[in-house]
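Novice: The structure follows.
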Protein chains: 2
Amino acid sequence: MSSFSSAHRLTPGPVDLTAIDPADHPAYDGTKAEGELALAALGPDLAELQERLYANKASGRSVLLVLQGMDTSGKGGVLEHTVGLVSPAGVRVTSFKAPTEEEKQHDFLWRIEKALPSAGIIGVFDRSHYEDVLIAKVRAFADKAEIERRYEAITAFERRLADSGTTIVKCMLHISADEQKERLLARLEDPAKHWKFNPGDIDERELWPAYRAAYEIALERTHTEAAAWHVIPSDRKWYRNLAIGHLLLDALRGMDLEWPTADFDVEEQKRRLADEVPVR
Amino acid sequence: MSSFSSAHRLTPGPVDLTAIDPADHPAYDGTKAEGELALAALGPDLAELQERLYANKASGRSVLLVLQGMDTSGKGGVLEHTVGLVSPAGVRVTSFKAPTEEEKQHDFLWRIEKALPSAGIIGVFDRSHYEDVLIAKVRAFADKAEIERRYEAITAFERRLADSGTTIVKCMLHISADEQKERLLARLEDPAKHWKFNPGDIDERELWPAYRAAYEIALERTHTEAAAWHVIPSDRKWYRNLAIGHLLLDALRGMDLEWPTADFDVEEQKRRLADEVPVR
């Protein structure tokens with residue numbers, strides 16, 4: 001486990017997000033430029049380990065990276081800069097929006113189950129089932145008893161995933177309200193970013209303390225041995241990308257996968273190719 | 001349309017693959033090192049155009065990149081090096097294997113339909129519905145009349161996709177039998193690549209002329225205005241990656257998409273943010 005993992009992994013018990021500085025950069029003292037190079041330097045290892053995971057799909061193993069955070073916290077940036085370091089052939093990204101009419105006719109985990117990575121794949125959730133205990137709680141889309149039920153359902157669900165071979169990495173992208181304001185203003189300043197902006201985003205800011213409280217409870221209730229939470233200070237984009245790169249690397253390394261050994265006689269196959277009738 | 005598109009796009013009529021040198025590098029005279037830099041240089045434009053496509057998903061537009069080719073022709077390499085230049089959030093890769101029992105209970109296009117990119121997304125097929133007129137023909141998994149039906153079904157299907165907003169880019173990765181032999185040997189030499197090798201790959205080589213004939217007929221029968229075929233000389237990996245990068249860039253540029261204009265008053269939203277009660 002890297003120092004990044006130790007620095008960000010929650011300890012069991014109550015969570016106080018106000019005690020974690022979103023502009024901090026634990027376990028890394030380099031500059032932004034150095035941090036960007038350090039991330040790029042993870043690329044070859046990440047790509048090789050992902051391929052090794054893919055090669056081992058008969059083992060049934062997979063990875064699930066869950067990205068949660070407020071608007072503008074940088075889920076898209078992590079996808080582009082960190083997840084983008086591995087081949088898209090080995091990645092399945094799902095961006096969860098408001099549930100469709102069909103999805104609403106099922107339990108909240110129904111659509112999540114369908115989006116799980118198959119063996120050999122790194123699944124990435126851009127938002128996730130946690131919306132169902134975050135926005136659902138803050139906006140009272142579900143009552144208290146139902147939210148309670150969901151914490152339990154989530155921990156049981158994630159335990160099942162872990163037991164069946166999925167390594168789960170849950171990251172909360174922690175930004176400050178001031179940083180969000182800057183990023184929303186930046187979206188308004190750039191016509192190429194207007195499509196990302198929604199006036200409702202400003203209304204949601206009034207609920208910032210309620211979201212923080214909902215996160216704190218959700219993190220506490222669903223932080224388990226099988227599926228630990230990491231809080232990633234995310235006011236610095238480069239640091240956020242680098243930290244999650246390290247967590248992904250730790251997850252893949254921790255699976256301890258070897259290249260599968262040949263189930264055929266390698267020398268015999270070399271001879272067959274050497275001796276073959278010319279093909280053209 | 002770039003010179004790469006002109007160089008690789010088939011002309012209507014009979015196809016003679018023996019007349020296309022797999023080691024050629026049309027429209028590009030640089031070295032391997034220069035070609036790799038040239039591909040990397042496409043990255044920012046590809047990434048921006050993909051984001052623009054995503055931003056325009058209300059328009060219903062999408063891209064479908066079809067990669068077909070013999071074993072070792074480099075479909076995985078194109079995914080890693082070319083498709084990997086855009087954010088995985090905007091890409092959906094489907095690798096088609098032998099059909100499952102459930103898939104066999106449906107028309108051959110049933111599983112293809114389910115894998116199509118949604119609006120705003122670049123879908124990539126690593127193998128595709130073309131297997132159903134290639135291996136199916138060579139190995140007689142389907143009779144002559146059924147193969148005939150499939151050519152027609154494919155052109156109608158692809159026309160519907162194009163008419164409903166999908167830009168289709170079909171690439172045949174054209175390698176020589178000698179180059180395949182080298183690549184199979186390289187897989188045998190490297191224990192990290194044994195998992196990619198199957199002794200059956202050597203048996204398939206005996207059918208090389210039959211596969212070539214099947215490709216020639218399939219390319220001719222399914223090369224349409226709505227969904228043109230490109231034959232990419234692929235003995236040089238770097239050239240293959242660069243050429244397909246250019247085709248993808250051409251496809252995205254050809255969609256002529258602008259950033260969506262704001263459906264809100266930008267100045268008003270700036271004022272709202274400036275005037276808001278401090279959030280913390």
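Going by the structure tokens order, chains are called A, B, ..., each with residues numbered from 1, while ligands are numbered from 1 in the order shown.
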Give as a ChimeraX atom specification every residue of chain A that touches chain B within 8 Å, counting only C-alpha atoms.

Specialist: /A:55,76,79-81,83-89,91-95,176-178,181,185,188,191-192,194-196,199,202,205-206,208-209,259-262,264,266,269-270,272-273,279-280

Novice: In terms of the shortest atom-to-atom distance over only C-alpha atoms, which of A:Asp190, A:Glu113, A:Asp16, A:Asp143 is closest to Phe157 of chain A?

Specialist: A:Glu113

Novice: If we count only C-alpha atoms and set the cut-off at 12 Å, which residues sit around Ser6 of chain B, ignoring sequence neighbours fewer than 2 positions away in its own chain? Please answer as a VMD selection string.

Specialist: chain B and resid 1 to 4 8 to 11 26 to 27 228 to 232 243 246 to 247 250

Novice: Going by DSSP on the backbone, which residues of segment 10-178 of chain B come out as strand (DSSP E or B)? List them as a ChimeraX atom specification.

Specialist: /B:62-69,91-95,122-126,166-174

Novice: Between A:Gln180, A:Thr155, A:Ser118, A:Gln50, which one has atoms that come closest to Asp71 of chain A, using only C-alpha atoms?

Specialist: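 Answer, going by the shortest atom-to-atom distance: A:Gln180.
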
Novice: Rounded to one decimal, what separation in Å do you get between atom CA of Tyr211 of chain B and atom CA of Val138 of chain B?

Specialist: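 Rounded to one decimal, the two atoms are 6.3 Å apart.
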
Novice: Determine, counting only C-alpha atoms, which protein, DNA and RNA residues have an atom within 12 Å of an atom of segment 133-137 of chain A; residues of the same chain fewer than 4 positions away are not included. Present the result as a VMD selection string.

Specialist: chain A and resid 68 to 71 97 to 99 108 to 109 127 to 129 141 to 154 204 207 to 208 210 to 219 221 to 222

Novice: Quick one: of B:Met172, B:Ile244, B:Leu252, B:Ala162, who's nearest to Thr224 of chain B, counting only C-alpha atoms?

Specialist: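 Checking each candidate against Thr224 of chain B, we get B:Ala162 as the closest.
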